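upload22.pdb follows; it contains PDB, C-alpha atoms, pLDDT in the B column.
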```
ATOM      1  CA  MET N   1       4.020  11.011 -16.967  1.00 88.00           C
ATOM      2  CA  THR N   2       6.618  13.041 -15.070  1.00 90.00           C
ATOM      3  CA  ILE N   3       5.925  14.656 -11.697  1.00 91.00           C
ATOM      4  CA  LEU N   4       8.584  16.861 -10.105  1.00 90.00           C
ATOM      5  CA  GLY N   5      11.275  15.291 -12.270  1.00 88.00           C
ATOM      6  CA  LYS N   6      10.346  11.666 -11.560  1.00 95.00           C
ATOM      7  CA  LYS N   7       8.192   9.282 -13.538  1.00 95.00           C
ATOM      8  CA  LEU N   8       4.904   8.177 -12.015  1.00 96.00           C
ATOM      9  CA  SER N   9       6.194   4.604 -12.211  1.00 96.00           C
ATOM     10  CA  GLU N  10       9.147   5.572  -9.968  1.00 97.00           C
ATOM     11  CA  TYR N  11       6.760   6.822  -7.277  1.00 97.00           C
ATOM     12  CA  VAL N  12       4.707   3.642  -7.546  1.00 97.00           C
ATOM     13  CA  ARG N  13       7.773   1.385  -7.498  1.00 97.00           C
ATOM     14  CA  PHE N  14       9.261   3.245  -4.506  1.00 97.00           C
ATOM     15  CA  GLN N  15       6.249   2.494  -2.298  1.00 97.00           C
ATOM     16  CA  LYS N  16       4.649  -0.481  -4.046  1.00 97.00           C
ATOM     17  CA  TRP N  17       4.300  -2.466  -0.815  1.00 97.00           C
ATOM     18  CA  VAL N  18       2.549   0.436   0.905  1.00 97.00           C
ATOM     19  CA  LEU N  19       0.095   0.716  -1.984  1.00 98.00           C
ATOM     20  CA  VAL N  20      -0.430  -3.059  -2.066  1.00 98.00           C
ATOM     21  CA  ALA N  21      -1.035  -3.084   1.701  1.00 98.00           C
ATOM     22  CA  ILE N  22      -3.617  -0.274   1.467  1.00 98.00           C
ATOM     23  CA  LEU N  23      -5.345  -2.057  -1.410  1.00 98.00           C
ATOM     24  CA  ALA N  24      -5.313  -5.437   0.352  1.00 98.00           C
ATOM     25  CA  VAL N  25      -6.656  -4.055   3.629  1.00 98.00           C
ATOM     26  CA  GLY N  26      -9.344  -2.074   1.793  1.00 97.00           C
ATOM     27  CA  LEU N  27     -10.470  -5.079  -0.223  1.00 97.00           C
ATOM     28  CA  VAL N  28     -10.496  -7.348   2.842  1.00 97.00           C
ATOM     29  CA  ARG N  29     -12.514  -4.689   4.636  1.00 96.00           C
ATOM     30  CA  LEU N  30     -15.056  -4.534   1.804  1.00 96.00           C
ATOM     31  CA  ALA N  31     -15.205  -8.316   1.379  1.00 96.00           C
ATOM     32  CA  LEU N  32     -15.754  -8.932   5.099  1.00 96.00           C
ATOM     33  CA  SER N  33     -18.446  -6.295   5.153  1.00 94.00           C
ATOM     34  CA  LEU N  34     -20.225  -7.785   2.150  1.00 94.00           C
ATOM     35  CA  ALA N  35     -19.995 -11.189   3.847  1.00 95.00           C
ATOM     36  CA  CYS N  36     -21.912  -9.651   6.789  1.00 92.00           C
ATOM     37  CA  ALA N  37     -19.017  -9.838   9.234  1.00 93.00           C
ATOM     38  CA  PRO N  38     -19.617  -7.764  12.383  1.00 91.00           C
ATOM     39  CA  VAL N  39     -18.541  -4.127  12.135  1.00 88.00           C
ATOM     40  CA  ASP N  40     -16.216  -4.662  15.115  1.00 88.00           C
ATOM     41  CA  THR N  41     -14.368  -7.331  13.125  1.00 92.00           C
ATOM     42  CA  VAL N  42     -14.219  -5.308   9.907  1.00 93.00           C
ATOM     43  CA  ARG N  43     -12.979  -2.291  11.849  1.00 90.00           C
ATOM     44  CA  LEU N  44      -9.792  -4.215  12.697  1.00 93.00           C
ATOM     45  CA  PHE N  45      -8.724  -3.799   9.063  1.00 95.00           C
ATOM     46  CA  SER N  46      -7.939  -0.094   8.950  1.00 95.00           C
ATOM     47  CA  MET N  47      -6.842   1.622   5.758  1.00 95.00           C
ATOM     48  CA  THR N  48      -6.189   4.712   7.866  1.00 95.00           C
ATOM     49  CA  ALA N  49      -3.667   2.847  10.011  1.00 96.00           C
ATOM     50  CA  VAL N  50      -1.916   1.422   6.952  1.00 97.00           C
ATOM     51  CA  THR N  51      -1.878   4.859   5.312  1.00 96.00           C
ATOM     52  CA  LEU N  52      -0.384   6.458   8.432  1.00 96.00           C
ATOM     53  CA  ALA N  53       2.286   3.747   8.463  1.00 97.00           C
ATOM     54  CA  GLY N  54       2.878   4.611   4.811  1.00 97.00           C
ATOM     55  CA  VAL N  55       3.372   8.272   5.720  1.00 97.00           C
ATOM     56  CA  LEU N  56       6.049   7.282   8.242  1.00 97.00           C
ATOM     57  CA  TYR N  57       7.626   4.861   5.782  1.00 97.00           C
ATOM     58  CA  CYS N  58       7.839   7.483   3.037  1.00 97.00           C
ATOM     59  CA  GLY N  59       9.381  10.065   5.341  1.00 96.00           C
ATOM     60  CA  ILE N  60      12.041   7.619   6.490  1.00 96.00           C
ATOM     61  CA  ALA N  61      12.635   5.884   3.160  1.00 96.00           C
ATOM     62  CA  VAL N  62      12.984   9.109   1.163  1.00 96.00           C
ATOM     63  CA  ALA N  63      15.776  10.040   3.570  1.00 94.00           C
ATOM     64  CA  THR N  64      17.494   6.675   3.841  1.00 93.00           C
ATOM     65  CA  ARG N  65      17.132   5.504   0.245  1.00 93.00           C
ATOM     66  CA  GLY N  66      17.927   8.877  -1.340  1.00 89.00           C
ATOM     67  CA  PHE N  67      14.702   8.967  -3.339  1.00 93.00           C
ATOM     68  CA  GLY N  68      14.417  12.732  -3.418  1.00 91.00           C
ATOM     69  CA  SER N  69      13.480  15.653  -1.272  1.00 93.00           C
ATOM     70  CA  TYR N  70      10.566  17.099   0.651  1.00 96.00           C
ATOM     71  CA  ARG N  71       8.680  17.910  -2.539  1.00 95.00           C
ATOM     72  CA  HIS N  72       8.746  14.266  -3.617  1.00 97.00           C
ATOM     73  CA  LEU N  73       6.721  13.307  -0.556  1.00 97.00           C
ATOM     74  CA  LEU N  74       3.572  14.934  -1.922  1.00 97.00           C
ATOM     75  CA  PRO N  75       3.164  12.668  -4.976  1.00 98.00           C
ATOM     76  CA  LEU N  76       3.908   9.633  -2.779  1.00 98.00           C
ATOM     77  CA  LEU N  77       1.175  10.655  -0.348  1.00 98.00           C
ATOM     78  CA  ALA N  78      -1.189  11.479  -3.215  1.00 98.00           C
ATOM     79  CA  LEU N  79      -0.849   7.953  -4.575  1.00 98.00           C
ATOM     80  CA  GLN N  80      -1.697   6.533  -1.155  1.00 98.00           C
ATOM     81  CA  ALA N  81      -4.752   8.800  -1.008  1.00 98.00           C
ATOM     82  CA  VAL N  82      -5.874   7.719  -4.479  1.00 98.00           C
ATOM     83  CA  VAL N  83      -5.736   4.041  -3.510  1.00 98.00           C
ATOM     84  CA  ALA N  84      -7.395   4.406  -0.086  1.00 97.00           C
ATOM     85  CA  ASN N  85     -10.115   6.827  -1.146  1.00 97.00           C
ATOM     86  CA  GLY N  86     -10.611   4.995  -4.434  1.00 97.00           C
ATOM     87  CA  ILE N  87     -11.523   1.849  -2.514  1.00 97.00           C
ATOM     88  CA  ALA N  88     -13.884   3.844  -0.296  1.00 95.00           C
ATOM     89  CA  ILE N  89     -15.523   5.415  -3.364  1.00 96.00           C
ATOM     90  CA  VAL N  90     -15.987   1.964  -4.927  1.00 96.00           C
ATOM     91  CA  GLY N  91     -17.553   0.687  -1.684  1.00 94.00           C
ATOM     92  CA  ILE N  92     -19.901   3.667  -1.469  1.00 94.00           C
ATOM     93  CA  ALA N  93     -20.838   3.395  -5.146  1.00 94.00           C
ATOM     94  CA  LEU N  94     -21.473  -0.322  -4.733  1.00 94.00           C
ATOM     95  CA  ALA N  95     -23.850   0.399  -1.853  1.00 92.00           C
ATOM     96  CA  GLY N  96     -25.555   3.120  -3.847  1.00 90.00           C
ATOM     97  CA  LEU N  97     -26.017   0.928  -6.892  1.00 91.00           C
ATOM     98  CA  THR N  98     -27.141  -2.207  -5.033  1.00 91.00           C
ATOM     99  CA  GLY N  99     -28.984  -0.626  -2.113  1.00 88.00           C
ATOM    100  CA  ARG N 100     -26.986  -2.846   0.239  1.00 89.00           C
ATOM    101  CA  ASP N 101     -24.887  -1.042   2.841  1.00 88.00           C
ATOM    102  CA  ASN N 102     -21.308  -2.042   3.579  1.00 91.00           C
ATOM    103  CA  ILE N 103     -18.575  -0.805   5.907  1.00 91.00           C
ATOM    104  CA  PHE N 104     -18.073   2.336   3.824  1.00 91.00           C
ATOM    105  CA  THR N 105     -21.725   3.355   4.237  1.00 89.00           C
ATOM    106  CA  ALA N 106     -22.297   2.144   7.789  1.00 84.00           C
ATOM    107  CA  PRO N 107     -23.913   4.732  10.082  1.00 80.00           C
ATOM    108  CA  GLU N 108     -20.735   4.747  12.199  1.00 79.00           C
ATOM    109  CA  TYR N 109     -18.846   6.243   9.262  1.00 76.00           C
ATOM    110  CA  THR N 110     -21.302   8.651   7.675  1.00 76.00           C
ATOM    111  CA  ASN N 111     -24.389  10.576   8.615  1.00 74.00           C
ATOM    112  CA  LEU N 112     -25.127  11.762   5.097  1.00 73.00           C
ATOM    113  CA  PRO N 113     -28.611  10.850   3.823  1.00 70.00           C
ATOM    114  CA  ASN N 114     -27.291  10.115   0.336  1.00 79.00           C
ATOM    115  CA  TYR N 115     -24.314   8.039  -0.817  1.00 85.00           C
ATOM    116  CA  TRP N 116     -23.089  10.414  -3.509  1.00 88.00           C
ATOM    117  CA  PRO N 117     -22.057  13.384  -1.314  1.00 89.00           C
ATOM    118  CA  HIS N 118     -20.094  10.885   0.793  1.00 89.00           C
ATOM    119  CA  ALA N 119     -18.344   9.591  -2.333  1.00 92.00           C
ATOM    120  CA  LEU N 120     -17.596  13.164  -3.436  1.00 93.00           C
ATOM    121  CA  GLY N 121     -16.093  13.799  -0.010  1.00 92.00           C
ATOM    122  CA  HIS N 122     -13.681  10.944  -0.598  1.00 95.00           C
ATOM    123  CA  ALA N 123     -12.874  12.350  -4.043  1.00 96.00           C
ATOM    124  CA  ALA N 124     -12.005  15.668  -2.374  1.00 97.00           C
ATOM    125  CA  ALA N 125      -9.932  13.777   0.211  1.00 96.00           C
ATOM    126  CA  ILE N 126      -7.659  12.613  -2.604  1.00 97.00           C
ATOM    127  CA  ILE N 127      -6.471  16.228  -2.792  1.00 97.00           C
ATOM    128  CA  ILE N 128      -6.884  17.315   0.832  1.00 97.00           C
ATOM    129  CA  VAL N 129      -5.364  14.366   2.709  1.00 97.00           C
ATOM    130  CA  PRO N 130      -1.913  14.513   1.065  1.00 98.00           C
ATOM    131  CA  LEU N 131      -1.739  18.247   1.785  1.00 97.00           C
ATOM    132  CA  VAL N 132      -2.625  17.655   5.432  1.00 97.00           C
ATOM    133  CA  LEU N 133      -0.222  14.724   5.838  1.00 97.00           C
ATOM    134  CA  TRP N 134       2.682  16.306   3.947  1.00 98.00           C
ATOM    135  CA  PRO N 135       3.944  18.313   6.981  1.00 98.00           C
ATOM    136  CA  VAL N 136       3.944  15.110   9.043  1.00 97.00           C
ATOM    137  CA  ALA N 137       5.923  13.209   6.400  1.00 97.00           C
ATOM    138  CA  ALA N 138       8.243  16.200   5.979  1.00 97.00           C
ATOM    139  CA  LEU N 139       8.933  16.266   9.713  1.00 97.00           C
ATOM    140  CA  VAL N 140       9.670  12.522   9.657  1.00 97.00           C
ATOM    141  CA  LEU N 141      12.001  13.079   6.677  1.00 97.00           C
ATOM    142  CA  TRP N 142      13.764  15.935   8.484  1.00 96.00           C
ATOM    143  CA  ILE N 143      14.237  13.818  11.626  1.00 96.00           C
ATOM    144  CA  ALA N 144      15.416  10.807   9.598  1.00 94.00           C
ATOM    145  CA  ARG N 145      17.990  12.909   7.766  1.00 93.00           C
ATOM    146  CA  ARG N 146      19.337  14.357  10.975  1.00 92.00           C
ATOM    147  CA  SER N 147      19.393  10.993  12.733  1.00 89.00           C
ATOM    148  CA  ALA N 148      21.036   8.928  10.017  1.00 70.00           C
ATOM    149  CA  GLY N 149      22.724  11.606   7.909  1.00 58.00           C
ATOM    150  CA  SER N 150      21.825  12.243   4.296  1.00 53.00           C
ATOM    151  CA  PRO N 151      22.760   9.650   1.694  1.00 54.00           C
ATOM    152  CA  LYS N 152      25.631  10.714  -0.576  1.00 50.00           C
ATOM    153  CA  GLY N 153      24.519  12.978  -3.359  1.00 46.00           C
ATOM    154  CA  VAL N 154      21.272  14.058  -1.671  1.00 52.00           C
ATOM    155  CA  ALA N 155      21.133  17.609  -0.412  1.00 51.00           C
ATOM    156  CA  SER N 156      19.530  17.865   3.009  1.00 48.00           C
ATOM    157  CA  ARG N 157      18.155  21.355   2.422  1.00 49.00           C
ATOM    158  CA  THR N 158      15.961  20.588  -0.590  1.00 48.00           C
TER     159      THR N 158
END
```

Structure encoded using structure tokens:
Amino acid sequence: MTILGKKLSEYVRFQKWVLVAILAVGLVRLALSLACAPVDTVRLFSMTAVTLAGVLYCGIAVATRGFGSYRHLLPLLALQAVVANGIAIVGIALAGLTGRDNIFTAPEYTNLPNYWPHALGHAAAIIIVPLVLWPVAALVLWIARRSAGSPKGVASRT
């Protein structure tokens, strides 16, 4: 599959450690929650924090490693959103199917009376979050290019 002239595997390979970190933190979060760890402990493992670090990483790395341009940030961010929200959807579905709440259905994180609208919200976030975070990553990319200079062969106005 090709997206904006790059294979999906190139996007995954470019940020594999970001995706692995989001997945690991999300799974630890779910596992701790299922093991009845206190919410204050589980909260220390934040997929949001890892994702925001991934946004910064992508903005800087696209500039410094010559991966592409501003438009290539969107698929990178979309992959992060798929992983993070996918884990949340699995956690919500697990609670819905078993009747046993976990960190993704804790009252601190949702006030919806039913699990499924919450899961659908995370499905929508797969589209919305990358669009919201793209300007942030683009600004980081712009700053990184101006600070370090563009790598050879990469136009800074794309």

What does the PyMOL selection byres ((chain N and resi 107-121) around 9) select in this file, as a PDB file with C-alpha atoms, keeping the file's coordinate frame?
```pdb
ATOM      1  CA  ASN N  85     -10.115   6.827  -1.146  1.00 97.00           C
ATOM      2  CA  ALA N  88     -13.884   3.844  -0.296  1.00 95.00           C
ATOM      3  CA  ILE N  89     -15.523   5.415  -3.364  1.00 96.00           C
ATOM      4  CA  VAL N  90     -15.987   1.964  -4.927  1.00 96.00           C
ATOM      5  CA  GLY N  91     -17.553   0.687  -1.684  1.00 94.00           C
ATOM      6  CA  ILE N  92     -19.901   3.667  -1.469  1.00 94.00           C
ATOM      7  CA  ALA N  93     -20.838   3.395  -5.146  1.00 94.00           C
ATOM      8  CA  ALA N  95     -23.850   0.399  -1.853  1.00 92.00           C
ATOM      9  CA  GLY N  96     -25.555   3.120  -3.847  1.00 90.00           C
ATOM     10  CA  ILE N 103     -18.575  -0.805   5.907  1.00 91.00           C
ATOM     11  CA  PHE N 104     -18.073   2.336   3.824  1.00 91.00           C
ATOM     12  CA  THR N 105     -21.725   3.355   4.237  1.00 89.00           C
ATOM     13  CA  ALA N 106     -22.297   2.144   7.789  1.00 84.00           C
ATOM     14  CA  HIS N 122     -13.681  10.944  -0.598  1.00 95.00           C
ATOM     15  CA  ALA N 123     -12.874  12.350  -4.043  1.00 96.00           C
ATOM     16  CA  ALA N 124     -12.005  15.668  -2.374  1.00 97.00           C
ATOM     17  CA  ALA N 125      -9.932  13.777   0.211  1.00 96.00           C
ATOM     18  CA  ILE N 126      -7.659  12.613  -2.604  1.00 97.00           C
TER      19      ILE N 126
END
```

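Proximity to Ala78 of chain N was assessed for N:Leu27, N:Cys58, N:Val129, N:Leu97 counting all atoms listed in the file; the smallest distance is recorded for N:Val129.
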
I need the output of the PyMOL selection byres ((chain N and resi 60) around 9) for this file as a PDB file with C-alpha atoms, in the frame of the given file; which residues are they?
```
ATOM      1  CA  VAL N  55       3.372   8.272   5.720  1.00 97.00           C
ATOM      2  CA  LEU N  56       6.049   7.282   8.242  1.00 97.00           C
ATOM      3  CA  TYR N  57       7.626   4.861   5.782  1.00 97.00           C
ATOM      4  CA  CYS N  58       7.839   7.483   3.037  1.00 97.00           C
ATOM      5  CA  GLY N  59       9.381  10.065   5.341  1.00 96.00           C
ATOM      6  CA  ALA N  61      12.635   5.884   3.160  1.00 96.00           C
ATOM      7  CA  VAL N  62      12.984   9.109   1.163  1.00 96.00           C
ATOM      8  CA  ALA N  63      15.776  10.040   3.570  1.00 94.00           C
ATOM      9  CA  THR N  64      17.494   6.675   3.841  1.00 93.00           C
ATOM     10  CA  ARG N  65      17.132   5.504   0.245  1.00 93.00           C
ATOM     11  CA  ALA N 137       5.923  13.209   6.400  1.00 97.00           C
ATOM     12  CA  VAL N 140       9.670  12.522   9.657  1.00 97.00           C
ATOM     13  CA  LEU N 141      12.001  13.079   6.677  1.00 97.00           C
ATOM     14  CA  TRP N 142      13.764  15.935   8.484  1.00 96.00           C
ATOM     15  CA  ILE N 143      14.237  13.818  11.626  1.00 96.00           C
ATOM     16  CA  ALA N 144      15.416  10.807   9.598  1.00 94.00           C
ATOM     17  CA  ARG N 145      17.990  12.909   7.766  1.00 93.00           C
TER      18      ARG N 145
END
```

Checklist line | Distance criterion (only C-alpha atoms): nearest to Leu8 of chain N out of N:Pro75, N:Arg146, N:Val132, N:Leu94 | finding: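 For Leu8 of chain N, the nearest of the candidates is N:Pro75.
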
Notebook entry, point to check: By how many Å are atom CA of Gly86 of chain N and atom CA of Ala138 of chain N apart?
Noted result: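 Separation of atom CA of Gly86 of chain N and atom CA of Ala138 of chain N: 24.3 Å.
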
Item checked: Atomic separation - atom CA of Leu4 of chain N relative to atom CA of Leu74 of chain N, Å ->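 These atoms are spaced 9.8 Å apart.
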
Next item on the list: Report the distance between atom CA of Gly5 of chain N and atom CA of Ala53 of chain N in Å, rounded to one decimal place.
Entry: 25.4 Å

Taking all atoms of segment 117-120 of chain N that appear in the file, build a box with edges along x, y and z, extend it by 4 Å on every side, and state its centre and edge lengths in Å to one decimal, as lines of an AutoDock Vina configuration file.
```
center_x = -19.8
center_y = 11.5
center_z = -1.3
size_x = 12.5
size_y = 11.8
size_z = 12.2
```

Note to self: Evaluate the PyMOL selection byres ((chain N and resi 33) around 10) against this structure - the residues, as a list in words, please.
What the structure shows: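 Listing what the PyMOL selection byres ((chain N and resi 33) around 10) selects in the shown file: Leu27, Val28, Arg29, Leu30, Ala31, Leu32, Leu34, Ala35, Cys36, Ala37, Pro38, Val39, Thr41, Val42, Arg43, Gly91, Asp101, Asn102, Ile103, Phe104 and Ala106 of chain N.
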
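The residue that comes closest to Leu76 of chain N, out of N:Met47, N:Leu131, N:Val12, N:Val20 and on the basis of all atoms listed in the file, is N:Val12.
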
Notebook entry, point to check: So which one's closest to Leu19 of chain N, N:Ile128, N:Met1, N:Val83, N:Leu139? Using all atoms listed in the file, please.
Noted result: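 Nearest candidate to Leu19 of chain N out of N:Ile128, N:Met1, N:Val83, N:Leu139: N:Val83.
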
Check: Quick one: of N:Gln80, N:Ser147, N:Thr2, N:Thr98, who's nearest to Trp134 of chain N, counting all atoms listed in the file?
Finding: N:Gln80

Notebook entry, point to check: With distances taken over all atoms listed in the file, which of N:Gly54, N:Thr48, N:His72, N:Asp40 is nearest to Lys7 of chain N?
Noted result: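 Ranked by minimum distance to Lys7 of chain N, first place goes to N:His72.
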